[in-house]
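One file, data.tsv, is given below (TSV, C-alpha atoms and all ligand atoms).
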```tsv
chain	number	residue	atom	x	y	z
S	715	MET	CA	15.29	34.10	-14.87
S	716	ASP	CA	15.80	30.67	-16.48
S	717	LYS	CA	12.17	30.05	-17.19
S	718	VAL	CA	8.95	32.06	-17.21
S	719	CYS	CA	5.65	30.19	-17.10
S	720	ASP	CA	2.03	30.63	-16.08
S	721	LEU	CA	1.89	27.87	-13.50
S	722	ALA	CA	4.60	26.08	-11.55
S	723	ILE	CA	3.68	22.82	-9.82
S	724	ILE	CA	6.04	21.68	-7.10
S	725	GLY	CA	5.86	17.94	-6.57
S	726	GLY	CA	4.91	15.21	-9.04
S	727	GLY	CA	2.63	12.92	-7.02
S	728	PRO	CA	-0.93	12.16	-8.19
S	729	ALA	CA	-2.23	15.58	-7.06
S	730	GLY	CA	0.51	17.47	-8.89
S	731	LEU	CA	0.22	15.30	-12.00
S	732	SER	CA	-3.54	15.74	-12.16
S	733	ALA	CA	-3.09	19.51	-11.81
S	734	ALA	CA	-0.52	19.35	-14.62
S	735	ILE	CA	-2.93	17.51	-16.94
S	736	TYR	CA	-5.71	20.04	-16.33
S	737	ALA	CA	-3.38	23.05	-16.61
S	738	GLY	CA	-1.75	21.78	-19.81
S	739	ARG	CA	-5.10	21.05	-21.38
S	740	ALA	CA	-6.22	24.61	-20.49
S	741	ASP	CA	-3.19	25.95	-22.42
S	742	LEU	CA	-1.41	27.27	-19.34
S	743	ARG	CA	2.36	27.21	-19.79
S	744	THR	CA	3.06	24.76	-17.00
S	745	THR	CA	6.26	23.45	-15.40
S	746	VAL	CA	6.36	20.60	-12.90
S	747	LEU	CA	9.34	20.40	-10.56
S	748	GLU	CA	9.98	16.99	-9.05
S	749	LYS	CA	13.09	16.25	-7.01
S	750	MET	CA	13.12	12.51	-7.69
S	751	ILE	CA	10.75	10.36	-9.72
S	752	VAL	CA	7.13	11.23	-10.46
S	753	GLY	CA	4.48	9.50	-8.37
S	754	GLY	CA	5.58	10.45	-4.85
S	755	GLN	CA	4.49	7.90	-2.21
S	756	VAL	CA	2.26	6.26	-4.81
S	757	ALA	CA	5.30	5.24	-6.85
S	758	LEU	CA	6.14	2.95	-3.91
S	759	THR	CA	2.73	1.24	-3.95
S	760	MET	CA	2.39	-1.95	-5.93
S	761	ASP	CA	-1.36	-2.40	-5.68
S	762	ILE	CA	-3.87	0.45	-5.73
S	763	ALA	CA	-7.17	-1.37	-5.42
S	764	ASN	CA	-9.60	1.55	-5.11
S	765	TYR	CA	-8.64	3.95	-7.90
S	766	PRO	CA	-11.65	4.15	-10.24
S	767	GLY	CA	-11.31	2.62	-13.67
S	768	PHE	CA	-8.96	-0.22	-12.74
S	769	PRO	CA	-11.12	-3.16	-11.57
S	770	GLU	CA	-8.04	-5.40	-11.33
S	771	GLY	CA	-6.05	-2.74	-9.43
S	772	VAL	CA	-3.08	-0.82	-10.78
S	773	ASP	CA	0.48	-0.37	-9.58
S	774	GLY	CA	1.74	3.08	-8.59
S	775	PRO	CA	4.65	3.36	-11.07
S	776	THR	CA	2.37	2.48	-14.02
S	777	LEU	CA	-0.36	4.92	-12.97
S	778	SER	CA	2.18	7.73	-12.38
S	779	ALA	CA	3.93	7.15	-15.71
S	780	LYS	CA	0.59	7.30	-17.54
S	781	MET	CA	-0.39	10.52	-15.77
S	782	LYS	CA	2.96	12.07	-16.64
S	783	ALA	CA	2.63	11.03	-20.31
S	784	GLN	CA	-0.87	12.52	-20.39
S	785	ALA	CA	0.43	15.85	-19.03
S	786	GLU	CA	3.31	15.85	-21.53
S	787	ARG	CA	0.82	15.31	-24.34
S	788	PHE	CA	-0.69	18.67	-23.35
S	789	GLY	CA	2.69	20.40	-23.43
S	790	VAL	CA	3.59	20.35	-19.73
S	791	GLU	CA	7.32	20.49	-19.04
S	792	PHE	CA	8.93	18.38	-16.31
S	793	LEU	CA	12.13	19.40	-14.52
S	794	THR	CA	14.00	17.06	-12.20
S	795	ALA	CA	15.12	19.49	-9.53
S	796	GLU	CA	14.46	20.19	-5.88
S	797	ALA	CA	12.75	23.52	-5.15
S	798	THR	CA	14.57	25.31	-2.34
S	799	ASP	CA	12.61	28.57	-2.05
S	800	ILE	CA	9.41	30.30	-3.18
S	801	SER	CA	8.94	34.04	-2.92
S	802	LYS	CA	6.19	36.37	-4.09
S	803	ASN	CA	7.19	39.60	-5.77
S	804	GLY	CA	4.20	41.75	-6.61
S	805	LYS	CA	1.94	39.56	-8.74
S	806	SER	CA	4.43	36.83	-9.62
S	807	PHE	CA	6.27	34.08	-7.80
S	808	THR	CA	9.93	33.15	-8.02
S	809	ILE	CA	10.82	29.54	-7.41
S	810	THR	CA	14.47	28.82	-6.73
S	811	HIS	CA	15.61	25.28	-7.39
S	812	LYS	CA	18.92	23.46	-7.37
S	813	ASN	CA	19.61	24.27	-11.06
S	814	GLY	CA	18.12	27.75	-11.47
S	815	MET	CA	15.03	29.91	-11.10
S	816	ILE	CA	11.47	29.93	-12.46
S	817	GLU	CA	9.02	32.82	-12.58
S	818	ALA	CA	5.34	31.87	-12.45
S	819	LYS	CA	2.03	33.68	-12.13
S	820	ALA	CA	0.64	30.97	-9.84
S	821	VAL	CA	2.10	28.04	-7.90
S	822	ILE	CA	0.62	24.73	-6.79
S	823	ILE	CA	2.37	23.04	-3.86
S	824	SER	CA	2.01	19.27	-3.98
S	825	THR	CA	5.06	18.30	-1.97
S	826	GLY	CA	3.40	15.39	-0.16
S	827	SER	CA	4.71	13.97	3.07
S	828	ASP	CA	7.48	11.83	4.53
S	829	PRO	CA	7.19	8.89	6.94
S	830	ARG	CA	6.95	9.90	10.61
S	831	LYS	CA	9.73	8.47	12.78
S	832	LEU	CA	9.15	6.64	16.06
S	833	GLY	CA	12.04	8.44	17.72
S	834	VAL	CA	13.23	5.42	19.73
S	835	PRO	CA	16.85	4.36	20.37
S	836	GLY	CA	18.31	2.39	17.46
S	837	GLU	CA	15.87	3.67	14.82
S	838	LYS	CA	18.26	6.15	13.24
S	839	GLU	CA	21.37	4.02	13.70
S	840	LEU	CA	19.86	0.90	12.09
S	841	ARG	CA	18.03	2.59	9.20
S	842	GLY	CA	18.81	0.56	6.08
S	843	ARG	CA	20.21	-2.21	8.28
S	844	GLY	CA	16.86	-3.61	9.35
S	845	VAL	CA	14.79	-0.43	9.84
S	846	SER	CA	12.55	0.40	6.87
S	847	TYR	CA	9.65	2.73	6.07
S	848	CYS	CA	8.72	1.07	2.75
S	849	GLY	CA	7.35	-2.45	2.46
S	850	THR	CA	7.16	-2.37	-1.30
S	851	CYS	CA	10.84	-1.43	-1.52
S	852	ASP	CA	12.30	-3.67	1.17
S	853	ALA	CA	10.00	-6.65	1.86
S	854	PRO	CA	11.89	-8.95	-0.59
S	855	PHE	CA	15.02	-8.57	1.61
S	856	PHE	CA	13.13	-10.32	4.41
S	857	ARG	CA	12.13	-13.53	2.62
S	858	GLU	CA	11.55	-16.26	5.24
S	859	ARG	CA	12.72	-13.88	8.01
S	860	LYS	CA	10.93	-12.52	11.09
S	861	VAL	CA	9.91	-8.88	11.11
S	862	VAL	CA	8.03	-6.40	13.30
S	863	VAL	CA	5.56	-3.94	11.77
S	864	VAL	CA	4.44	-0.85	13.73
S	865	GLY	CA	1.18	1.10	13.29
S	866	GLY	CA	-2.56	0.62	12.98
S	867	GLY	CA	-3.52	2.74	9.95
S	868	ASP	CA	-4.03	1.81	6.30
S	869	SER	CA	-0.30	1.87	5.60
S	870	ALA	CA	0.59	-0.55	8.42
S	871	LEU	CA	-2.22	-2.96	7.50
S	872	LYS	CA	-1.78	-2.86	3.76
S	873	GLU	CA	2.00	-3.11	3.96
S	874	SER	CA	1.77	-5.98	6.48
S	875	LEU	CA	-0.25	-7.93	3.93
S	876	HIS	CA	2.40	-7.26	1.31
S	877	ILE	CA	5.32	-8.09	3.63
S	878	ALA	CA	3.56	-11.34	4.63
S	879	LYS	CA	4.14	-12.58	1.08
S	880	PHE	CA	7.87	-12.65	1.92
S	881	ALA	CA	8.48	-12.78	5.68
S	882	SER	CA	7.90	-16.02	7.59
S	883	GLU	CA	6.44	-14.24	10.62
S	884	ILE	CA	5.21	-10.71	11.30
S	885	THR	CA	4.57	-9.23	14.73
S	886	LEU	CA	2.26	-6.27	14.21
S	887	VAL	CA	2.65	-3.86	17.11
S	888	HIS	CA	-0.10	-1.28	17.66
S	889	ARG	CA	-0.39	1.18	20.53
S	890	ARG	CA	-4.19	0.85	20.90
S	891	ASP	CA	-6.69	-2.02	20.87
S	892	THR	CA	-8.37	-1.09	17.59
S	893	PHE	CA	-7.02	-0.36	14.15
S	894	ARG	CA	-7.88	2.82	12.29
S	895	GLY	CA	-7.22	1.33	8.83
S	896	GLU	CA	-9.96	0.20	6.44
S	897	LYS	CA	-12.16	-2.71	7.60
S	898	ILE	CA	-11.25	-4.81	4.57
S	899	TYR	CA	-7.55	-4.61	5.47
S	900	GLN	CA	-8.35	-5.32	9.14
S	901	ARG	CA	-10.16	-8.53	8.18
S	902	GLN	CA	-7.34	-9.64	5.90
S	903	VAL	CA	-4.65	-8.91	8.51
S	904	MET	CA	-6.53	-10.68	11.31
S	905	SER	CA	-7.03	-13.79	9.21
S	906	ASN	CA	-3.45	-13.95	7.94
S	907	GLU	CA	-1.63	-16.82	9.66
S	908	ARG	CA	1.75	-15.13	9.36
S	909	ILE	CA	0.64	-12.00	11.24
S	910	ASN	CA	0.52	-11.92	15.07
S	911	ILE	CA	-0.93	-8.78	16.60
S	912	ARG	CA	0.32	-7.17	19.83
S	913	TRP	CA	-2.39	-4.70	20.94
S	914	ASN	CA	-1.76	-1.84	23.37
S	915	THR	CA	1.95	-2.17	22.81
S	916	SER	CA	4.68	0.37	22.00
S	917	VAL	CA	8.21	0.02	20.71
S	918	LYS	CA	10.83	1.02	23.29
S	919	SER	CA	14.05	0.32	21.38
S	920	ILE	CA	15.41	-1.23	18.22
S	921	ASN	CA	18.43	-3.35	18.98
S	922	GLY	CA	21.55	-4.55	17.17
S	923	THR	CA	25.04	-3.36	16.39
S	924	ASP	CA	25.76	-3.90	12.67
S	925	LYS	CA	22.25	-5.08	11.89
S	926	LEU	CA	18.93	-5.32	13.65
S	927	THR	CA	18.56	-8.38	15.88
S	928	SER	CA	15.56	-7.60	18.11
S	929	VAL	CA	12.89	-5.07	19.04
S	930	THR	CA	11.98	-4.27	22.64
S	931	VAL	CA	8.29	-3.55	23.22
S	932	GLU	CA	6.18	-2.75	26.27
S	933	ASN	CA	2.44	-3.25	26.68
S	934	SER	CA	-0.01	-1.13	28.65
S	935	ASP	CA	0.39	-3.45	31.70
S	936	GLY	CA	4.08	-2.54	31.78
S	937	GLU	CA	5.22	-5.95	30.51
S	938	VAL	CA	8.43	-5.67	28.50
S	939	GLU	CA	9.27	-8.16	25.76
S	940	GLU	CA	12.26	-8.53	23.46
S	941	ILE	CA	11.07	-9.78	20.07
S	942	LYS	CA	13.79	-11.46	18.00
S	943	ALA	CA	13.56	-10.07	14.48
S	944	ASP	CA	15.61	-9.29	11.38
S	945	GLY	CA	13.70	-6.15	10.47
S	946	ILE	CA	11.18	-3.55	11.51
S	947	PHE	CA	8.81	-1.68	9.20
S	948	ILE	CA	7.50	1.56	10.68
S	949	PHE	CA	4.17	3.02	9.46
S	950	VAL	CA	3.11	5.52	12.11
S	951	GLY	CA	1.78	8.25	9.86
S	952	THR	CA	3.37	10.96	7.84
S	953	VAL	CA	4.77	14.46	8.25
S	954	PRO	CA	3.81	17.01	5.57
S	955	ASN	CA	6.63	18.64	3.62
S	956	THR	CA	5.91	22.31	4.28
S	957	GLU	CA	9.42	23.83	4.64
S	958	LEU	CA	9.01	25.69	1.35
S	959	ILE	CA	6.01	27.71	2.48
S	960	CYS	CA	7.21	28.52	6.01
S	961	HIS	CA	7.94	32.18	5.33
S	962	LEU	CA	4.89	32.64	3.05
S	963	VAL	CA	2.35	30.94	5.32
S	964	PRO	CA	4.07	30.82	8.75
S	965	LYS	CA	0.88	29.60	10.43
S	966	ASN	CA	1.06	26.30	8.53
S	967	CYS	CA	4.80	25.75	8.88
S	968	GLY	CA	5.38	22.17	10.05
S	969	GLY	CA	1.68	21.24	9.79
S	970	HIS	CA	-0.77	20.67	6.97
S	971	ILE	CA	-1.54	23.68	4.77
S	972	ASP	CA	-4.96	25.33	5.08
S	973	THR	CA	-6.77	26.13	1.84
S	974	ASP	CA	-10.16	27.34	0.72
S	975	MET	CA	-12.45	25.18	-1.43
S	976	ASP	CA	-10.46	26.18	-4.53
S	977	MET	CA	-7.29	24.84	-2.85
S	978	MET	CA	-5.93	28.40	-2.51
S	979	THR	CA	-3.78	29.05	0.58
S	980	ALA	CA	-3.71	32.29	2.59
S	981	VAL	CA	-1.43	33.69	-0.15
S	982	GLU	CA	-3.22	34.74	-3.37
S	983	GLY	CA	-2.07	32.60	-6.30
S	984	LEU	CA	-0.48	29.94	-4.08
S	985	PHE	CA	-2.40	26.65	-4.02
S	986	ALA	CA	-1.84	23.43	-2.05
S	987	VAL	CA	-3.07	19.93	-2.93
S	988	GLY	CA	-2.72	16.31	-1.84
S	989	ASP	CA	-1.08	14.94	1.31
S	990	VAL	CA	0.41	18.30	2.26
S	991	ARG	CA	-3.04	19.92	2.50
S	992	GLU	CA	-5.18	20.10	5.64
S	993	HIS	CA	-8.40	18.03	5.38
S	994	SER	CA	-7.07	15.94	2.50
S	995	TYR	CA	-8.32	12.34	2.67
S	996	ARG	CA	-4.88	11.21	1.40
S	997	GLN	CA	-6.21	8.88	-1.26
S	998	VAL	CA	-5.11	8.83	-4.89
S	999	ALA	CA	-8.70	9.47	-6.01
S	1000	THR	CA	-9.11	12.51	-3.77
S	1001	ALA	CA	-5.62	13.81	-4.60
S	1002	VAL	CA	-6.37	13.92	-8.33
S	1003	GLY	CA	-9.63	15.76	-7.60
S	1004	GLU	CA	-7.76	18.33	-5.54
S	1005	GLY	CA	-5.18	18.72	-8.32
S	1006	ALA	CA	-7.85	19.27	-10.96
S	1007	THR	CA	-9.65	21.81	-8.75
S	1008	ALA	CA	-6.46	23.76	-8.07
S	1009	ALA	CA	-5.47	23.85	-11.74
S	1010	MET	CA	-8.87	25.20	-12.77
S	1011	ALA	CA	-8.86	27.76	-9.96
S	1012	ALA	CA	-5.28	28.77	-10.85
S	1013	GLY	CA	-6.46	29.30	-14.44
S	1014	HIS	CA	-9.22	31.67	-13.27
S	1015	TYR	CA	-6.78	33.44	-10.95
S	1016	ILE	CA	-4.30	34.02	-13.80
S	1017	GLU	CA	-7.06	35.19	-16.15
S	1018	ASN	CA	-8.15	37.78	-13.58
S	1019	LEU	CA	-4.57	39.03	-13.19
S	1020	GLU	CA	-4.41	39.94	-16.87
Z	1101	LIG	P1	-2.39	7.12	9.83
Z	1101	LIG	O1	-3.71	6.80	9.23
Z	1101	LIG	O2	-2.16	8.45	10.44
Z	1101	LIG	O3	-2.07	5.99	10.90
Z	1101	LIG	C1	-0.92	6.04	11.67
Z	1101	LIG	C2	-0.94	4.90	12.66
Z	1101	LIG	O4	0.26	4.94	13.43
Z	1101	LIG	C3	-2.11	4.98	13.64
Z	1101	LIG	O5	-2.63	3.70	13.89
Z	1101	LIG	C4	-1.47	5.56	14.91
Z	1101	LIG	O6	-2.02	5.07	16.09
Z	1101	LIG	C5	-0.06	5.05	14.81
Z	1101	LIG	N1	0.91	5.96	15.41
Z	1101	LIG	C6	1.05	7.29	15.19
Z	1101	LIG	N2	2.10	7.79	15.90
Z	1101	LIG	C7	2.59	6.73	16.59
Z	1101	LIG	C8	3.68	6.59	17.49
Z	1101	LIG	N3	4.44	7.63	17.82
Z	1101	LIG	N4	3.91	5.37	18.01
Z	1101	LIG	C9	3.15	4.30	17.66
Z	1101	LIG	N5	2.12	4.38	16.80
Z	1101	LIG	C10	1.85	5.58	16.27
Z	1101	LIG	O7	-1.19	6.96	8.74
Z	1101	LIG	P2	-1.07	6.02	7.47
Z	1101	LIG	O8	-1.48	4.65	7.77
Z	1101	LIG	O9	0.31	6.25	6.94
Z	1101	LIG	O10	-2.10	6.63	6.45
Z	1101	LIG	C11	-1.96	8.02	6.07
Z	1101	LIG	C12	-3.14	8.38	5.16
Z	1101	LIG	O11	-3.00	7.70	3.91
Z	1101	LIG	C13	-4.48	7.98	5.73
Z	1101	LIG	O12	-5.42	8.95	5.39
Z	1101	LIG	C14	-4.80	6.67	5.02
Z	1101	LIG	O13	-6.18	6.43	4.90
Z	1101	LIG	C15	-4.14	6.90	3.66
Z	1101	LIG	N6	-3.73	5.62	3.08
Z	1101	LIG	C16	-4.65	4.93	2.37
Z	1101	LIG	C17	-4.32	3.68	1.83
Z	1101	LIG	C18	-5.34	2.91	1.06
Z	1101	LIG	O14	-5.05	1.83	0.58
Z	1101	LIG	N7	-6.56	3.40	0.91
Z	1101	LIG	C19	-3.07	3.15	2.02
Z	1101	LIG	C20	-2.15	3.88	2.78
Z	1101	LIG	C21	-2.50	5.11	3.32
Z	1101	LIG	P3	-3.51	5.52	16.57
Z	1101	LIG	O15	-4.45	4.73	15.71
Z	1101	LIG	O16	-3.51	5.15	18.00
Z	1101	LIG	O17	-3.59	7.00	16.34
```

Before anything else, please render the file you have as C-alpha cells.
Ligand code: NAP
Amino acid sequence: MDKVCDLAIIGGGPAGLSAAIYAGRADLRTTVLEKMIVGGQVALTMDIANYPGFPEGVDGPTLSAKMKAQAERFGVEFLTAEATDISKNGKSFTITHKNGMIEAKAVIISTGSDPRKLGVPGEKELRGRGVSYCGTCDAPFFRERKVVVVGGGDSALKESLHIAKFASEITLVHRRDTFRGEKIYQRQVMSNERINIRWNTSVKSINGTDKLTSVTVENSDGEVEEIKADGIFIFVGTVPNTELICHLVPKNCGGHIDTDMDMMTAVEGLFAVGDVREHSYRQVATAVGEGATAAMAAGHYIENLE
C-alpha cells in the first residue's frame, strides 16, 4: 500500500474541499484525490453571485484555490491522480488510482458530474470545432460571431448572459415554453438584446464539415429551420460520475447516489456529497454543507471503528 490514511476524498470540487477542511481540522489523516484541477465545475465559473460572504461575487478558481489552501493548512494532502477503483475489505477501503493505492478507513465520493450530451448528428464530430459545453472556457472564441445555446436551466441562462458579452447574436433554443432556471437569470436573459429565444424547439442536427456552420432545429409545430451559426453551447443538464461505485452500490450505478442524512451511502463508511448525490441542490453553498456533514459523520464512524 502506498499510503494509509483515515479518510480518502475522491474529487476536489467544493463539496470535497469542504469535507477536506473539516476532516483536516478534526485531525483525521486525510488525502484528496483529484484527477485534474481542484474546483470541479466551479473552477469553470467566473461569477458565483450567491455564495455567502462575497457580496461582490467571487470567481470559481479563486474560491477553489482558497478552499484548497485552507485544507492544506490543516494538514490535508492532495494527490493529482484519477481513482480507478474502490473496494471494501473488512473494515477498510482500498482506492486504486493511476499512480498507486491508498488504504482508508472511510471514503467520501465527491466526483461531481459531466455535461449531458444532446446525442444529435454532428455533436460528437464537431466538438471543439464549434460545439462547446463551457461558456466560460470558450465564449471568447466567438467574439462578434453568431451562436446557438441549448437548454432552459440555470446553466443555459447564466452562460447565455456570459456568452452575450462576446457573441454578436445568441439564439437560445429551449424545448419547452418556460425556463426552469432562476427568475433573476430569466429576467436578464429576456431583456438582453443579443439573445433571441426559440421556445418549444429542439435541435435536430449540428452541421458543418471542418467547422460548425449551422444548426437545424424543429419546433413543436413541426417547422424546421436551419440557423446559421459559428458555434453551439449545450447546457442540457449533467450526468453524475458514478462509475467508481457501480460494484459497491449497484442500485445507484449511472444515477445519483442515495445517502442518509449523514451523507452515508448504502455501504458503511462510504459517503457521497455534492452533484453526484441524490437530492443535492447542486449549489456551491449546499455542496460545502454536504461536505462538512460527511466529514463530521466520517469522523464519528472512524471513532466507532476503533
Ligand atoms: P438542469 O437544471 O437539469 O436543466 C437542464 C435544462 O436542459 C432543462 O431546461 C431541460 O429542459 C433541458 N434539457 C434536458 N435534456 C434535454 C435534451 N435532451 N434536449 C433539450 N433540452 C434538454 O441543468 P443545469 O442548468 O446544468 O443545472 C444543474 C444544477 O446546477 C441545477 O440544480 C442548477 O440549479 C444548478 N446550477 C446553479 C447555478 C446558479 O447560478 N445558481 C448555475 C448553474 C447550475 P426541461 O426544462 O424541459 O426539463

Could you produce a table of the residues of chain S lying within 8 Å of ligand LIG 1101 (chain Z), with the nearest pair of atoms per residue and their separation in Å rounded to one decimal, using only C-alpha atoms and all ligand atoms, ordered by chain and increasing residue number, as a Markdown table?
```
| residue | atom | partner | partner_atom | distance |
| --- | --- | --- | --- | --- |
| S:Ile762 | CA | Z:LIG1101 | O14 | 6.6 |
| S:Ala763 | CA | Z:LIG1101 | O14 | 7.1 |
| S:Asn764 | CA | Z:LIG1101 | N7 | 7.0 |
| S:Pro829 | CA | Z:LIG1101 | O9 | 7.4 |
| S:Arg830 | CA | Z:LIG1101 | N2 | 7.5 |
| S:Lys831 | CA | Z:LIG1101 | N3 | 7.4 |
| S:Leu832 | CA | Z:LIG1101 | N3 | 5.1 |
| S:Gly833 | CA | Z:LIG1101 | N3 | 7.6 |
| S:Val864 | CA | Z:LIG1101 | N5 | 6.5 |
| S:Gly865 | CA | Z:LIG1101 | O4 | 4.0 |
| S:Gly866 | CA | Z:LIG1101 | O5 | 3.2 |
| S:Gly867 | CA | Z:LIG1101 | O8 | 3.5 |
| S:Asp868 | CA | Z:LIG1101 | O8 | 4.1 |
| S:Ser869 | CA | Z:LIG1101 | O8 | 3.7 |
| S:Ala870 | CA | Z:LIG1101 | O8 | 5.6 |
| S:Leu871 | CA | Z:LIG1101 | O8 | 7.7 |
| S:Lys872 | CA | Z:LIG1101 | C19 | 6.4 |
| S:His888 | CA | Z:LIG1101 | N5 | 6.1 |
| S:Arg889 | CA | Z:LIG1101 | N5 | 5.5 |
| S:Arg890 | CA | Z:LIG1101 | O16 | 5.2 |
| S:Thr892 | CA | Z:LIG1101 | O15 | 7.3 |
| S:Phe893 | CA | Z:LIG1101 | O15 | 5.9 |
| S:Arg894 | CA | Z:LIG1101 | O15 | 5.2 |
| S:Gly895 | CA | Z:LIG1101 | O1 | 6.5 |
| S:Glu896 | CA | Z:LIG1101 | N7 | 7.2 |
| S:Ser916 | CA | Z:LIG1101 | C9 | 6.1 |
| S:Val917 | CA | Z:LIG1101 | C9 | 7.3 |
| S:Phe949 | CA | Z:LIG1101 | O9 | 5.6 |
| S:Val950 | CA | Z:LIG1101 | O4 | 3.2 |
| S:Gly951 | CA | Z:LIG1101 | O7 | 3.4 |
| S:Thr952 | CA | Z:LIG1101 | O9 | 5.7 |
| S:Asp989 | CA | Z:LIG1101 | C12 | 7.9 |
| S:Ser994 | CA | Z:LIG1101 | O12 | 7.7 |
| S:Tyr995 | CA | Z:LIG1101 | O12 | 5.2 |
| S:Arg996 | CA | Z:LIG1101 | O12 | 4.6 |
| S:Gln997 | CA | Z:LIG1101 | C16 | 5.6 |
```

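Counting all atoms listed in the file, the residue from S:Lys897, S:Thr850, S:Gly767, S:Val981 that sits nearest to Pro964 (chain S) is S:Val981.
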
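Minimum atom-to-atom distance to Ala943 (chain S), evaluated using all atoms listed in the file, belongs to S:Gly844 out of S:Gly969, S:Val990, S:Gly844, S:Thr1007.
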
### Task
Would you list the contacts of His876 (chain S) as a PyMOL selection string, taking every protein, DNA or RNA residue within 12 Å and counting all atoms listed in the file, but skipping same-chain residues closer than 3 positions in sequence?
chain S and resi 759-761+848-854+856-857+863+869-873+879-881+884+899+902-903+906+908-909+947

### Task
Find the residues with any atom within 6 Å of (2.6, 25.6, -8.8); use all atoms listed in the file and the coordinates as given in the file, and write the answer as an MDAnalysis selection string.
chainID S and resid 721:724 820:823

### Message
Need the shell around Val931 (chain S): protein/DNA/RNA residues with any atom at most 10 Å away, counting all atoms listed in the file. Skip same-chain ones fewer than 2 positions apart. Format as JSON, numbers by chain?
### Response
{"S": [887, 912, 915, 916, 917, 918, 919, 920, 928, 929, 933, 936, 937, 938, 939, 940, 941]}

Determine, using all atoms listed in the file, which residues of region 929-1010 of chain S have any atom at most 8 Å from an atom of region 780-804 of chain S, and tabulate each with its shortest atom pair and distance in Å to one decimal place, rows ordered by chain and then rising number, as a Markdown table.
```
| residue | atom | partner | partner_atom | distance |
| --- | --- | --- | --- | --- |
| S:Leu958 | CA | S:Asp799 | CA | 5.7 |
| S:Ile959 | CA | S:Ile800 | CA | 7.1 |
| S:Leu962 | CA | S:Ser801 | CA | 7.3 |
```

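Here CA of Tyr736 (chain S) stands at a distance of 8.1 Å from CA of Gly1005 (chain S).
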
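Among S:Gly922, S:Gly988, S:Gly730, S:Gly968, the residue with the shortest atom-to-atom distance to Glu748 (chain S), counting all atoms listed in the file, is S:Gly730.
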
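CA of Gly753 (chain S) to CA of Glu1017 (chain S) spans 29.2 Å [interatomic distance, one decimal].
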
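For the residues S:Arg901, S:Lys805, S:Lys819, S:Lys812, ranking by smallest atom-to-atom distance to Thr745 (chain S) using only C-alpha atoms places S:Lys819 first.
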
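Among S:Val756, S:Cys719, S:Ile751, S:Ala729, the residue with the shortest atom-to-atom distance to Thr1000 (chain S), counting only C-alpha atoms, is S:Ala729.
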